[in-house]
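**Student:** So that we are looking at the same thing, I have put the structure below in structure tokens.
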Amino acid sequence: MKKYLIVMIFSLLFLNGKTQIIFETQQQVDSFVVVMDTSINNYYHFYYDDLLPESERITDLSGFDEDGWLYIKLFYFEIEDMPWFKSFHQGQIHFINMPHLKTFSGLKNINRSLVGINNCPSLKSFPPTGFFQYNSELWISNQDMEQFELNFKDVSENPRGGSFSNRVQFYNNNITRLIINDPNGAARRLDVLNDSSLQYLEVNSGVYQRINIKGNIILDSIRGFNSAETIVADVLNNPILTDLCAMRYGWGNHYESLPQRDKDNWNGLRIDGNGTGANTYEEMMATDCSWLVDTFTTVAEQKVVDQSNVSIYPNPISRLSVTVSISISSEKSISNIQITNLQGQRVFSISQAEGSTAQVAISDFSVGVYAVQIIDSSGGVSKKKLVIAE
């Protein structure tokens, strides 16, 4: 049991000379803010202890809304919103084991800081609008969920520049799908490490320079990167991953810019321990990436017809739904339907269908984007995308 009768606990951190100050009751907090000096860079640890009487638990940290570098860790708080630390702009702040945390009304325009998210299962997307002015480091760990999204849509690139600025690090998570939206290049370095559940990684940015994807034992799909001009990457020990097509353009450009000596030593240096097709640089460049151009199965003699004649409803559709309806509005009927995922794997096929509408069961489909090819009774081909959401 925590020794909550102690007003404050000080322990010297010998590596950097800072003092760690631990708070477990509101009385400790209120007593300290009276004499607090933010010019001294201490570490502040706040614990929400539900074993204490409600009158003693920490419920108000507004006294720490002072300018200055702050090093903060919050543990076990059961709140949905973080309304405090309104003057926090630079330093470190970590949110640890907070099961209900969803929003951050008190934190705005953070820059040159380290922000940590550790086991906050209600936080499925980060950061909220206005949270970062520009980011220095973001650490996300021990998140256990189907999908997590990093949305840097309104965040600018760090003006300090440098290949190691604005680092985003995902490590030791259990996330099946990781989607990163970063059109402005707010993060120039991305680490995705040791996720035992990660199957799908999508990076919607053409600006990333340094990529480290390592030790994700069931990762089988990397998408996005928006034709990044240059990528310097380490992709190691992802044993199921068999293609790096989404990264090949940028990685190839970087390789071509190297002097011959470095090219000779390149193969296998930064790619190793992956599946066949993504285990060396040569394998990556030899992998068939034609699905990037056209993920549909086609026959040369078939003709593509007016796409407006075909509809898919509903689209997007929840994976919890039973069926999706595919209809053709012309006089012709549907004769064949094929559905493939973005890896080119056929997940559904039916031939000799009858009528102008077909019902396709999608309850076993994974979340993601699928290519749908419909062939009508005259041999005309229509192509559509189907989006399966949560």
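Ordered as shown in the structure tokens, chains take letters A, B, and onward, while each chain numbers its residues from 1 and ligands are numbered from 1 in the order shown.
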Would you kindly return, as a list in words, each protein, DNA or RNA residue with an atom no farther than 8 Å from any atom of Ile179 (chain A), considering only C-alpha atoms and excluding same-chain residues fewer than 2 positions away?

**Tutor:**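 Skipping anything fewer than 2 positions along the chain leaves Gln147, Phe148, Glu149, Leu150, Arg177, Asn181, Leu201, Glu202, Val203 and Asn204 of chain A.
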
**Student:** The selected residues should be written to file as a short mmCIF file (atom, residue, chain, number, x, y, z; two decimals), in the first residue's frame (atoms: N, CA and C atoms).

**Tutor:**
```cif
data_model
loop_
_atom_site.label_atom_id
_atom_site.label_comp_id
_atom_site.auth_asym_id
_atom_site.auth_seq_id
_atom_site.Cartn_x
_atom_site.Cartn_y
_atom_site.Cartn_z
N GLN A 147 -7.17 -0.75 -33.70
CA GLN A 147 -6.61 0.26 -34.61
C GLN A 147 -6.23 1.51 -33.84
N PHE A 148 -5.09 2.07 -34.20
CA PHE A 148 -4.64 3.35 -33.63
C PHE A 148 -4.27 4.27 -34.78
N GLU A 149 -4.66 5.55 -34.65
CA GLU A 149 -4.36 6.54 -35.68
C GLU A 149 -3.54 7.68 -35.09
N LEU A 150 -2.47 8.01 -35.77
CA LEU A 150 -1.69 9.19 -35.45
C LEU A 150 -2.04 10.25 -36.49
N ARG A 177 -3.84 -2.59 -36.46
CA ARG A 177 -3.71 -1.67 -37.60
C ARG A 177 -3.20 -0.32 -37.09
N ASN A 181 -1.24 9.63 -40.38
CA ASN A 181 -1.54 10.69 -41.33
C ASN A 181 -0.68 11.90 -40.99
N LEU A 201 0.38 -1.63 -41.48
CA LEU A 201 0.94 -0.31 -41.23
C LEU A 201 0.71 0.55 -42.46
N GLU A 202 0.07 1.71 -42.25
CA GLU A 202 -0.17 2.65 -43.35
C GLU A 202 0.38 4.01 -42.96
N VAL A 203 1.24 4.54 -43.80
CA VAL A 203 1.88 5.83 -43.52
C VAL A 203 1.53 6.78 -44.65
N ASN A 204 0.64 7.74 -44.39
CA ASN A 204 0.22 8.70 -45.40
C ASN A 204 1.07 9.95 -45.31
#
```

**Student:** Need the shell around region 77-91 of chain A: protein/DNA/RNA residues with any atom at most 6 Å away, counting only C-alpha atoms. Skip same-chain ones fewer than 2 positions apart. Format as number ranges by chain?

**Tutor:** A: 48, 62, 65-67, 69-71, 75, 98, 100-107, 110-113

**Student:** Next, write the just-selected residues to a file, as a tab-separated table (two decimals), in the first residue's frame, keeping N, CA and C atoms as the atom set.

**Tutor:**
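Here's the written file selection-v8.tsv:
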```tsv
chain	number	residue	atom	x	y	z
A	48	TYR	N	-2.95	8.80	-8.75
A	48	TYR	CA	-4.35	8.78	-8.31
A	48	TYR	C	-4.58	7.45	-7.62
A	62	SER	N	-4.43	22.30	-11.11
A	62	SER	CA	-4.36	23.61	-11.77
A	62	SER	C	-3.26	24.49	-11.20
A	65	ASP	N	-0.13	25.17	-13.39
A	65	ASP	CA	-0.24	25.91	-14.64
A	65	ASP	C	0.66	27.14	-14.60
A	66	GLU	N	1.94	26.90	-14.55
A	66	GLU	CA	2.94	27.96	-14.51
A	66	GLU	C	3.91	27.76	-15.66
A	67	ASP	N	4.48	28.88	-16.14
A	67	ASP	CA	5.47	28.79	-17.21
A	67	ASP	C	6.73	28.11	-16.69
A	69	TRP	N	9.98	24.89	-17.78
A	69	TRP	CA	10.15	23.51	-18.21
A	69	TRP	C	9.62	22.60	-17.11
A	70	LEU	N	8.72	21.69	-17.47
A	70	LEU	CA	8.13	20.77	-16.50
A	70	LEU	C	8.36	19.33	-16.95
A	71	TYR	N	8.64	18.46	-15.99
A	71	TYR	CA	8.82	17.03	-16.23
A	71	TYR	C	7.76	16.31	-15.41
A	75	PHE	N	-0.18	8.95	-13.19
A	75	PHE	CA	-0.46	7.53	-13.10
A	75	PHE	C	-1.88	7.29	-12.60
A	98	MET	N	-3.96	5.15	-17.74
A	98	MET	CA	-5.14	6.00	-17.58
A	98	MET	C	-6.24	5.45	-18.49
A	100	HIS	N	-9.45	5.83	-19.09
A	100	HIS	CA	-10.57	6.56	-19.67
A	100	HIS	C	-10.14	7.81	-20.42
A	101	LEU	N	-8.87	8.11	-20.48
A	101	LEU	CA	-8.39	9.36	-21.08
A	101	LEU	C	-8.72	9.42	-22.56
A	102	LYS	N	-9.38	10.51	-22.99
A	102	LYS	CA	-9.75	10.69	-24.40
A	102	LYS	C	-9.36	12.06	-24.94
A	103	THR	N	-9.43	13.12	-24.12
A	103	THR	CA	-9.22	14.48	-24.62
A	103	THR	C	-8.26	15.24	-23.71
A	104	PHE	N	-7.77	16.39	-24.24
A	104	PHE	CA	-6.75	17.17	-23.55
A	104	PHE	C	-7.10	18.66	-23.66
A	105	SER	N	-8.13	19.08	-22.98
A	105	SER	CA	-8.57	20.48	-23.12
A	105	SER	C	-7.56	21.46	-22.54
A	106	GLY	N	-6.70	21.03	-21.63
A	106	GLY	CA	-5.75	21.96	-21.02
A	106	GLY	C	-4.45	22.11	-21.76
A	107	LEU	N	-4.11	21.16	-22.62
A	107	LEU	CA	-2.81	21.16	-23.27
A	107	LEU	C	-2.94	21.63	-24.71
A	110	ILE	N	1.92	22.59	-27.83
A	110	ILE	CA	3.14	22.05	-27.26
A	110	ILE	C	4.22	22.01	-28.34
A	111	ASN	N	5.44	22.39	-27.96
A	111	ASN	CA	6.56	22.28	-28.89
A	111	ASN	C	7.83	21.94	-28.13
A	112	ARG	N	8.75	21.32	-28.84
A	112	ARG	CA	10.04	20.92	-28.27
A	112	ARG	C	9.86	20.17	-26.96
A	113	SER	N	9.01	19.18	-26.99
A	113	SER	CA	8.69	18.42	-25.78
A	113	SER	C	8.68	16.94	-26.08
```

**Student:** From the list A:Phe170, A:Tyr255, A:Tyr43, A:Phe32, which residue is nearest Thr19 (chain A) when using only C-alpha atoms?

**Tutor:**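 Using only C-alpha atoms, Thr19 (chain A) sits closest to A:Tyr43.
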
**Student:** Within 7 Å of region 329-333 of chain A, counting only C-alpha atoms, which residues show up once you throw out same-chain ones fewer than 5 positions away? Write them as a PyMOL selection string, please.

**Tutor:** chain A and resi 309-310+354-356+376-377

**Student:** Keeping only C-alpha atoms, write the selected residues as a short mmCIF file (atom, residue, chain, number, x, y, z; two decimals), in the first residue's frame.

**Tutor:**
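The result, written out as again31.cif:
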```cif
data_model
loop_
_atom_site.label_atom_id
_atom_site.label_comp_id
_atom_site.auth_asym_id
_atom_site.auth_seq_id
_atom_site.Cartn_x
_atom_site.Cartn_y
_atom_site.Cartn_z
CA ASN A 309 -23.53 1.83 -63.91
CA VAL A 310 -22.33 -0.12 -60.87
CA GLU A 354 -27.84 -14.05 -62.15
CA GLY A 355 -29.75 -10.78 -62.10
CA SER A 356 -28.63 -7.18 -61.65
CA ASP A 376 -21.45 -7.98 -66.82
CA SER A 377 -23.21 -10.34 -69.20
#
```

**Student:** Could you list, as a VMD selection string, every residue within 7 Å of Ile93 (chain A), counting only C-alpha atoms and ignoring same-chain residues fewer than 5 positions away?

**Tutor:** chain A and resid 71 to 73 114 to 116

**Student:** Could those selected residues go to a file with N, CA and C atoms, as a PDB file, in the first residue's frame?

**Tutor:**
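Final file, out_7.pdb:
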```pdb
ATOM      1  N   TYR A  71       8.638  18.458 -15.987  1.00  0.00           N
ATOM      2  CA  TYR A  71       8.822  17.033 -16.235  1.00  0.00           C
ATOM      3  C   TYR A  71       7.764  16.309 -15.411  1.00  0.00           C
ATOM      4  N   ILE A  72       6.732  15.811 -16.085  1.00  0.00           N
ATOM      5  CA  ILE A  72       5.512  15.366 -15.417  1.00  0.00           C
ATOM      6  C   ILE A  72       5.183  13.932 -15.806  1.00  0.00           C
ATOM      7  N   LYS A  73       4.760  13.128 -14.826  1.00  0.00           N
ATOM      8  CA  LYS A  73       4.173  11.817 -15.081  1.00  0.00           C
ATOM      9  C   LYS A  73       2.895  11.694 -14.265  1.00  0.00           C
ATOM     10  N   LEU A 114       8.676  16.158 -25.014  1.00  0.00           N
ATOM     11  CA  LEU A 114       8.485  14.720 -25.131  1.00  0.00           C
ATOM     12  C   LEU A 114       7.139  14.381 -24.507  1.00  0.00           C
ATOM     13  N   VAL A 115       6.265  13.745 -25.288  1.00  0.00           N
ATOM     14  CA  VAL A 115       4.951  13.337 -24.803  1.00  0.00           C
ATOM     15  C   VAL A 115       4.880  11.815 -24.856  1.00  0.00           C
ATOM     16  N   GLY A 116       4.506  11.203 -23.734  1.00  0.00           N
ATOM     17  CA  GLY A 116       4.409   9.751 -23.664  1.00  0.00           C
ATOM     18  C   GLY A 116       2.985   9.293 -23.413  1.00  0.00           C
TER      19      GLY A 116
END
```

**Student:** For Gly275 (chain A), which residue out of A:Ile328, A:Leu241, A:Ile211, A:Ile58 is the nearest one, using only C-alpha atoms?

**Tutor:**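 Going through A:Ile328, A:Leu241, A:Ile211, A:Ile58 one by one, the smallest distance to Gly275 (chain A) is for A:Leu241.
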
**Student:** Pick out the residues sitting within 7 Å of Thr59 (chain A), and hand them over as a VMD selection string; count only C-alpha atoms, and ignore anything fewer than 2 positions along from it in its own chain.

**Tutor:** chain A and resid 26 57 61

**Student:** Since we have the selection now, will you write its residues out, keeping C-alpha atoms, as a compact mmCIF listing (two decimals), in the first residue's frame?

**Tutor:**
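Below is the file result_39.txt, written as the result:
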```
# COMPACT_ATOMS: atom_id res chain seq x y z
CA GLN A 26 -4.52 16.63 -2.83
CA ARG A 57 -7.46 11.81 -3.80
CA LEU A 61 -3.59 20.10 -10.53
```

**Student:** Which parts of region 34-245 of chain A does DSSP call strand (DSSP E) when run on the backbone here, written out as a PyMOL selection string?

**Tutor:** chain A and resi 43-47+70-75+91-96+113-118+125-126+137-141+144-151+167-171+174-181+189-193+200-204+210-214+221-224+232-236

**Student:** Please extract the residues of region 28-261 of chain A with a backbone DSSP assignment of helix (DSSP H, G or I) and present them as a VMD selection string.

**Tutor:** chain A and resid 28 to 33 54 to 56 62 to 64 225 to 227 245 to 256 260 to 261

**Student:** Mind writing the picked residues with C-alpha atoms as a short mmCIF file (atom, residue, chain, number, x, y, z; two decimals), in the first residue's frame?

**Tutor:**
```cif
data_model
loop_
_atom_site.label_atom_id
_atom_site.label_comp_id
_atom_site.auth_asym_id
_atom_site.auth_seq_id
_atom_site.Cartn_x
_atom_site.Cartn_y
_atom_site.Cartn_z
CA GLN A 28 0.43 17.30 -0.80
CA VAL A 29 -0.29 19.08 -4.07
CA ASP A 30 -1.83 22.15 -2.41
CA SER A 31 1.03 22.46 0.06
CA PHE A 32 3.67 22.27 -2.63
CA VAL A 33 2.26 24.78 -5.13
CA GLU A 54 -12.34 10.41 -2.03
CA SER A 55 -11.62 13.59 -0.06
CA GLU A 56 -7.88 12.83 -0.14
CA SER A 62 -4.36 23.61 -11.77
CA GLY A 63 -1.70 24.97 -9.43
CA PHE A 64 0.93 23.62 -11.85
CA PHE A 225 4.31 6.65 -48.14
CA ASN A 226 2.80 8.62 -51.06
CA SER A 227 5.80 8.12 -53.35
CA CYS A 245 6.46 -2.05 -52.51
CA ALA A 246 5.10 1.08 -50.80
CA MET A 247 8.62 2.08 -49.72
CA ARG A 248 10.51 0.93 -52.81
CA TYR A 249 10.43 4.21 -54.76
CA GLY A 250 11.89 6.33 -51.98
CA TRP A 251 14.30 3.64 -50.89
CA GLY A 252 15.48 3.12 -54.45
CA ASN A 253 16.14 6.85 -54.87
CA HIS A 254 18.25 6.87 -51.72
CA TYR A 255 20.21 3.85 -52.91
CA GLU A 256 20.96 5.46 -56.28
CA GLN A 260 29.46 2.78 -55.30
CA ARG A 261 31.35 1.64 -52.19
#
```

**Student:** Select, from A:Ala228, A:Ile22, A:Ala187, A:Val387, the residue with the minimum atom-to-atom distance to Leu74 (chain A), counting only C-alpha atoms.

**Tutor:**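 When distances to Leu74 (chain A) are compared using only C-alpha atoms, the smallest one comes from A:Ile22.
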